[in-house]
Amino acid sequence: MNRISDEVIERIIDFYLGDISEREKMDLERWVKETPGQEQCFKQTLKMCQRLRLTSREERAGGMKTRIQEKWREERLKRRRRFVWGVISSAAAVLLLVGIFHVYYTNRKEPMPEILPKISLLESKHGEREAILQFPSGNEVMLGRENDRTVPLAEGIVLKSDSVKNLFPQEGGKDVMTEEYHTVIVPRGGEYNLTLADGTNVWLNSDSKLKFPLHFVGNQRAVYLEGEAFFEVSSDSLKPFVVKTAEANVKVLGTSFNVMNYKDEAKVEVALLKGKVKFEDTRNRQTRALVPGEVVRMDKASTSIVLTKEDVSRESAWRTGYFYFENMSMEELVVKLERWYQVKFTFASEKVKQMRFTGAVTRYRDLEYVLKMIEKTRDISFVDFGDQIKIYEK
C-alpha cells in the first residue's frame, strides 16, 4: 500500500461528501494520475468512505474523517510491523521467532469486517428487461421480466404475453374503433419487446419511448418513436406502416429495419435488413428509398443525408444482446454505455474524445469487463471517481 498524507485523505473524503471546489477536484485528479499507486490509494480511500457511510449514516463528516485517517494509520503501522518482522526473522532463533509471532498475533488489532459489498461504478450491472406502460389518462403500470401477465388496456383489449390482443375481433373488417394511443417507456438500463395489434414485432432499446394505438384506424399504421427500436412489420399492402420521429418519418409495407433517433445523438439513422422503406425528413421533405443492406444517416443540424451500403446487422446488434462499435469515437461510444449501465463518463481532454474503437462485446457483461476490453486495445484508462468515470490518455 502506498503512502498517503492526512491532507490528501481529507481531500478525498471531501470529494466523496461533495464538499469540494472545482479547483480542488482538478488538483485531486492530477494527484490520482501521477502514479498507479496513487490511483490505487484513491480507490481504496473511496471504498473506506463507502463502507463507513453505509454502515454509519448518522456519523458526522468530521467523525468519518477521523475514522478514515485512523484506518490509514493502521495500514502504515501494519506495513512497518511487516518490515520489522522481516528483518528480525532473518537473524533470530526459531524459538524467538515463535515468541515474537505469539506476541504480535495476540496483540494486533483485527481489521474492520466487511459488512456490505464494496460499491464502485465499475461494478455497475448491465441493463435488464423492464418498461413502463403509460395509459392516455396518465396512469402507469410496470412491465418486467414476466411476460405471461395480462394487463387490461381498454374494453375488450388487453396486453397479454407482451402482445396487444382484441378479445372480441370485429366482424366485416370495418374500423369501428377510434385510435387511442398508449406509450411504452423503456428507462436507461432497460429493454423491452412487444407485439402490436397488427402483428408487428417491436424491440425497444434503453432510454426509448414508443407511442402506439390499440387499433390502427384509417389508411396507415402510425407509431411515434423516441430513441431506438427494431421493427419486424406485418405486411399489409393497403395500409402502410409509418414510424414517426421528431426529425424524420419511415414508411414501409412489410419489412425488418432499425431506427435510431435519440435526442442526445447528432444524427438520425435507419438500417434496412429486408423489404423496402422510404425515409423522409420532416423539415425539407427530402426522401431516400432504401433496399436491404443500406443505411441512411441524416445530420440533425444540417439535414444532410448520406446513404451507404453496409453490414446492417451491426446496427441492430443490440437486439441480439451485443454492442458493436465500428471505428466509433469514444465520445459516441460512451453515450451508448451510459444508457445501458446508467453511469456518467467525462473526458480528460478533447484528444481522448476523438480516439476511435472497433470491437464487439455482449451487453450482458458488467461494465468493468467492457472497459478493460477497451483499455487493452487503446491507450486510455478509466478512473472511477465515485460520481463519474473519467477517461484519460495513458
# chains A, B, ... in the order shown; residues from 1 in each chain; ligands from 1
call {"tool": "residues_around", "arguments": {"residues": "Leu371 in chain A", "least_positions_apart": "2", "cutoff": "12 Å", "atoms": "only C-alpha atoms", "output": "count of residues only"}}
result
32
call {"tool": "select_by_dssp", "arguments": {"residues": "range 297-393 of chain A", "states": "strand (DSSP E)", "output": "ChimeraX atom specification"}}
result
/A:297-299,305-309,322-329,345-347,356-362,380-384,389-393
call {"tool": "atom_distance", "arguments": {"atom1": "CA of Thr308 in chain A", "atom2": "CA of Ser256 in chain A"}}
result
17.4 Å
call {"tool": "residues_around", "arguments": {"residues": "Lys263 in chain A", "least_positions_apart": "3", "cutoff": "10 Å", "atoms": "only C-alpha atoms", "output": "list in words"}}
result
Ser208, Glu226, Gly227, Ala246, Met260, Ala266, Lys267, Val268 and Lys300 of chain A
call {"tool": "atom_distance", "arguments": {"atom1": "CA of Leu133 in chain A", "atom2": "CA of Val184 in chain A"}}
result
4.6 Å
call {"tool": "residues_around", "arguments": {"residues": "Ser304 in chain A", "least_positions_apart": "4", "cutoff": "10 Å", "atoms": "only C-alpha atoms", "output": "PyMOL selection string"}}
result
chain A and resi 267+281+286+297-300
call {"tool": "residues_around", "arguments": {"residues": "Glu191 in chain A", "least_positions_apart": "6", "cutoff": "7 Å", "atoms": "only C-alpha atoms", "output": "compact mmCIF listing (two decimals) with N, CA, C and O atoms, in the first residue's frame"}}
result
# COMPACT_ATOMS: atom_id res chain seq x y z
N GLU A 128 -31.57 -4.63 -17.93
CA GLU A 128 -32.45 -5.80 -17.93
C GLU A 128 -33.79 -5.44 -18.56
O GLU A 128 -34.07 -4.28 -18.86
N ARG A 129 -34.60 -6.44 -18.72
CA ARG A 129 -35.90 -6.26 -19.39
C ARG A 129 -36.88 -5.56 -18.45
O ARG A 129 -37.33 -6.14 -17.47
N GLU A 130 -37.19 -4.31 -18.74
CA GLU A 130 -38.17 -3.58 -17.94
C GLU A 130 -38.69 -2.40 -18.74
O GLU A 130 -38.02 -1.86 -19.62
N LEU A 204 -37.48 -2.50 -28.24
CA LEU A 204 -37.10 -1.16 -27.83
C LEU A 204 -35.80 -1.20 -27.05
O LEU A 204 -35.65 -1.99 -26.11
N ASN A 205 -34.85 -0.34 -27.43
CA ASN A 205 -33.58 -0.22 -26.72
C ASN A 205 -33.76 0.67 -25.49
O ASN A 205 -34.81 1.31 -25.30
N SER A 206 -32.73 0.76 -24.65
CA SER A 206 -32.81 1.55 -23.43
C SER A 206 -33.04 3.02 -23.73
O SER A 206 -32.66 3.52 -24.80
call {"tool": "residues_around", "arguments": {"residues": "Val223 in chain A", "least_positions_apart": "3", "cutoff": "8 Å", "atoms": "only C-alpha atoms", "output": "list of chain:residue names"}}
result
A:Leu210, A:Lys211, A:Phe212, A:Pro213, A:Val242, A:Val243, A:Lys244
call {"tool": "decode", "arguments": {"residues": "range 320-338 of chain A", "atoms": "N, CA, C and O atoms", "output": "PDB file, in the first residue's frame"}}
result
ATOM      1  N   THR A 320     -29.895  -8.436 -30.371  1.00  0.00           N
ATOM      2  CA  THR A 320     -29.488  -9.813 -30.077  1.00  0.00           C
ATOM      3  C   THR A 320     -28.476  -9.875 -28.940  1.00  0.00           C
ATOM      4  O   THR A 320     -27.832 -10.901 -28.728  1.00  0.00           O
ATOM      5  N   GLY A 321     -28.327  -8.741 -28.221  1.00  0.00           N
ATOM      6  CA  GLY A 321     -27.536  -8.753 -26.996  1.00  0.00           C
ATOM      7  C   GLY A 321     -26.084  -8.354 -27.135  1.00  0.00           C
ATOM      8  O   GLY A 321     -25.262  -8.739 -26.303  1.00  0.00           O
ATOM      9  N   TYR A 322     -25.753  -7.551 -28.157  1.00  0.00           N
ATOM     10  CA  TYR A 322     -24.354  -7.155 -28.356  1.00  0.00           C
ATOM     11  C   TYR A 322     -24.212  -5.652 -28.573  1.00  0.00           C
ATOM     12  O   TYR A 322     -25.101  -5.002 -29.132  1.00  0.00           O
ATOM     13  N   PHE A 323     -23.066  -5.131 -28.086  1.00  0.00           N
ATOM     14  CA  PHE A 323     -22.596  -3.817 -28.523  1.00  0.00           C
ATOM     15  C   PHE A 323     -21.676  -4.074 -29.716  1.00  0.00           C
ATOM     16  O   PHE A 323     -20.803  -4.940 -29.646  1.00  0.00           O
ATOM     17  N   TYR A 324     -21.861  -3.317 -30.773  1.00  0.00           N
ATOM     18  CA  TYR A 324     -20.924  -3.404 -31.897  1.00  0.00           C
ATOM     19  C   TYR A 324     -20.448  -1.996 -32.211  1.00  0.00           C
ATOM     20  O   TYR A 324     -21.251  -1.114 -32.532  1.00  0.00           O
ATOM     21  N   PHE A 325     -19.139  -1.789 -32.126  1.00  0.00           N
ATOM     22  CA  PHE A 325     -18.556  -0.477 -32.364  1.00  0.00           C
ATOM     23  C   PHE A 325     -17.644  -0.556 -33.585  1.00  0.00           C
ATOM     24  O   PHE A 325     -16.665  -1.296 -33.578  1.00  0.00           O
ATOM     25  N   GLU A 326     -17.972   0.183 -34.619  1.00  0.00           N
ATOM     26  CA  GLU A 326     -17.194   0.180 -35.848  1.00  0.00           C
ATOM     27  C   GLU A 326     -16.509   1.536 -36.016  1.00  0.00           C
ATOM     28  O   GLU A 326     -17.145   2.531 -36.389  1.00  0.00           O
ATOM     29  N   ASN A 327     -15.198   1.571 -35.716  1.00  0.00           N
ATOM     30  CA  ASN A 327     -14.430   2.815 -35.832  1.00  0.00           C
ATOM     31  C   ASN A 327     -15.174   3.973 -35.175  1.00  0.00           C
ATOM     32  O   ASN A 327     -15.255   5.082 -35.716  1.00  0.00           O
ATOM     33  N   MET A 328     -15.706   3.736 -34.003  1.00  0.00           N
ATOM     34  CA  MET A 328     -16.547   4.715 -33.305  1.00  0.00           C
ATOM     35  C   MET A 328     -15.704   5.561 -32.349  1.00  0.00           C
ATOM     36  O   MET A 328     -14.826   5.045 -31.657  1.00  0.00           O
ATOM     37  N   SER A 329     -15.957   6.860 -32.334  1.00  0.00           N
ATOM     38  CA  SER A 329     -15.233   7.736 -31.412  1.00  0.00           C
ATOM     39  C   SER A 329     -15.647   7.425 -29.975  1.00  0.00           C
ATOM     40  O   SER A 329     -16.777   6.977 -29.716  1.00  0.00           O
ATOM     41  N   MET A 330     -14.729   7.682 -29.041  1.00  0.00           N
ATOM     42  CA  MET A 330     -15.048   7.438 -27.639  1.00  0.00           C
ATOM     43  C   MET A 330     -16.209   8.314 -27.188  1.00  0.00           C
ATOM     44  O   MET A 330     -17.010   7.917 -26.343  1.00  0.00           O
ATOM     45  N   GLU A 331     -16.330   9.501 -27.768  1.00  0.00           N
ATOM     46  CA  GLU A 331     -17.428  10.401 -27.410  1.00  0.00           C
ATOM     47  C   GLU A 331     -18.777   9.768 -27.740  1.00  0.00           C
ATOM     48  O   GLU A 331     -19.735   9.872 -26.962  1.00  0.00           O
ATOM     49  N   GLU A 332     -18.876   9.112 -28.897  1.00  0.00           N
ATOM     50  CA  GLU A 332     -20.116   8.438 -29.278  1.00  0.00           C
ATOM     51  C   GLU A 332     -20.306   7.148 -28.486  1.00  0.00           C
ATOM     52  O   GLU A 332     -21.419   6.802 -28.075  1.00  0.00           O
ATOM     53  N   LEU A 333     -19.224   6.436 -28.292  1.00  0.00           N
ATOM     54  CA  LEU A 333     -19.279   5.118 -27.651  1.00  0.00           C
ATOM     55  C   LEU A 333     -19.812   5.198 -26.222  1.00  0.00           C
ATOM     56  O   LEU A 333     -20.679   4.408 -25.825  1.00  0.00           O
ATOM     57  N   VAL A 334     -19.303   6.170 -25.436  1.00  0.00           N
ATOM     58  CA  VAL A 334     -19.704   6.199 -24.021  1.00  0.00           C
ATOM     59  C   VAL A 334     -21.164   6.587 -23.849  1.00  0.00           C
ATOM     60  O   VAL A 334     -21.784   6.231 -22.839  1.00  0.00           O
ATOM     61  N   VAL A 335     -21.743   7.278 -24.825  1.00  0.00           N
ATOM     62  CA  VAL A 335     -23.171   7.614 -24.744  1.00  0.00           C
ATOM     63  C   VAL A 335     -24.005   6.337 -24.696  1.00  0.00           C
ATOM     64  O   VAL A 335     -24.979   6.225 -23.940  1.00  0.00           O
ATOM     65  N   LYS A 336     -23.604   5.354 -25.483  1.00  0.00           N
ATOM     66  CA  LYS A 336     -24.321   4.074 -25.501  1.00  0.00           C
ATOM     67  C   LYS A 336     -24.124   3.318 -24.186  1.00  0.00           C
ATOM     68  O   LYS A 336     -25.051   2.680 -23.676  1.00  0.00           O
ATOM     69  N   LEU A 337     -22.911   3.387 -23.632  1.00  0.00           N
ATOM     70  CA  LEU A 337     -22.654   2.734 -22.346  1.00  0.00           C
ATOM     71  C   LEU A 337     -23.418   3.426 -21.227  1.00  0.00           C
ATOM     72  O   LEU A 337     -23.914   2.765 -20.301  1.00  0.00           O
ATOM     73  N   GLU A 338     -23.520   4.742 -21.291  1.00  0.00           N
ATOM     74  CA  GLU A 338     -24.239   5.489 -20.251  1.00  0.00           C
ATOM     75  C   GLU A 338     -25.709   5.069 -20.198  1.00  0.00           C
ATOM     76  O   GLU A 338     -26.282   4.928 -19.114  1.00  0.00           O
TER      77      GLU A 338
END
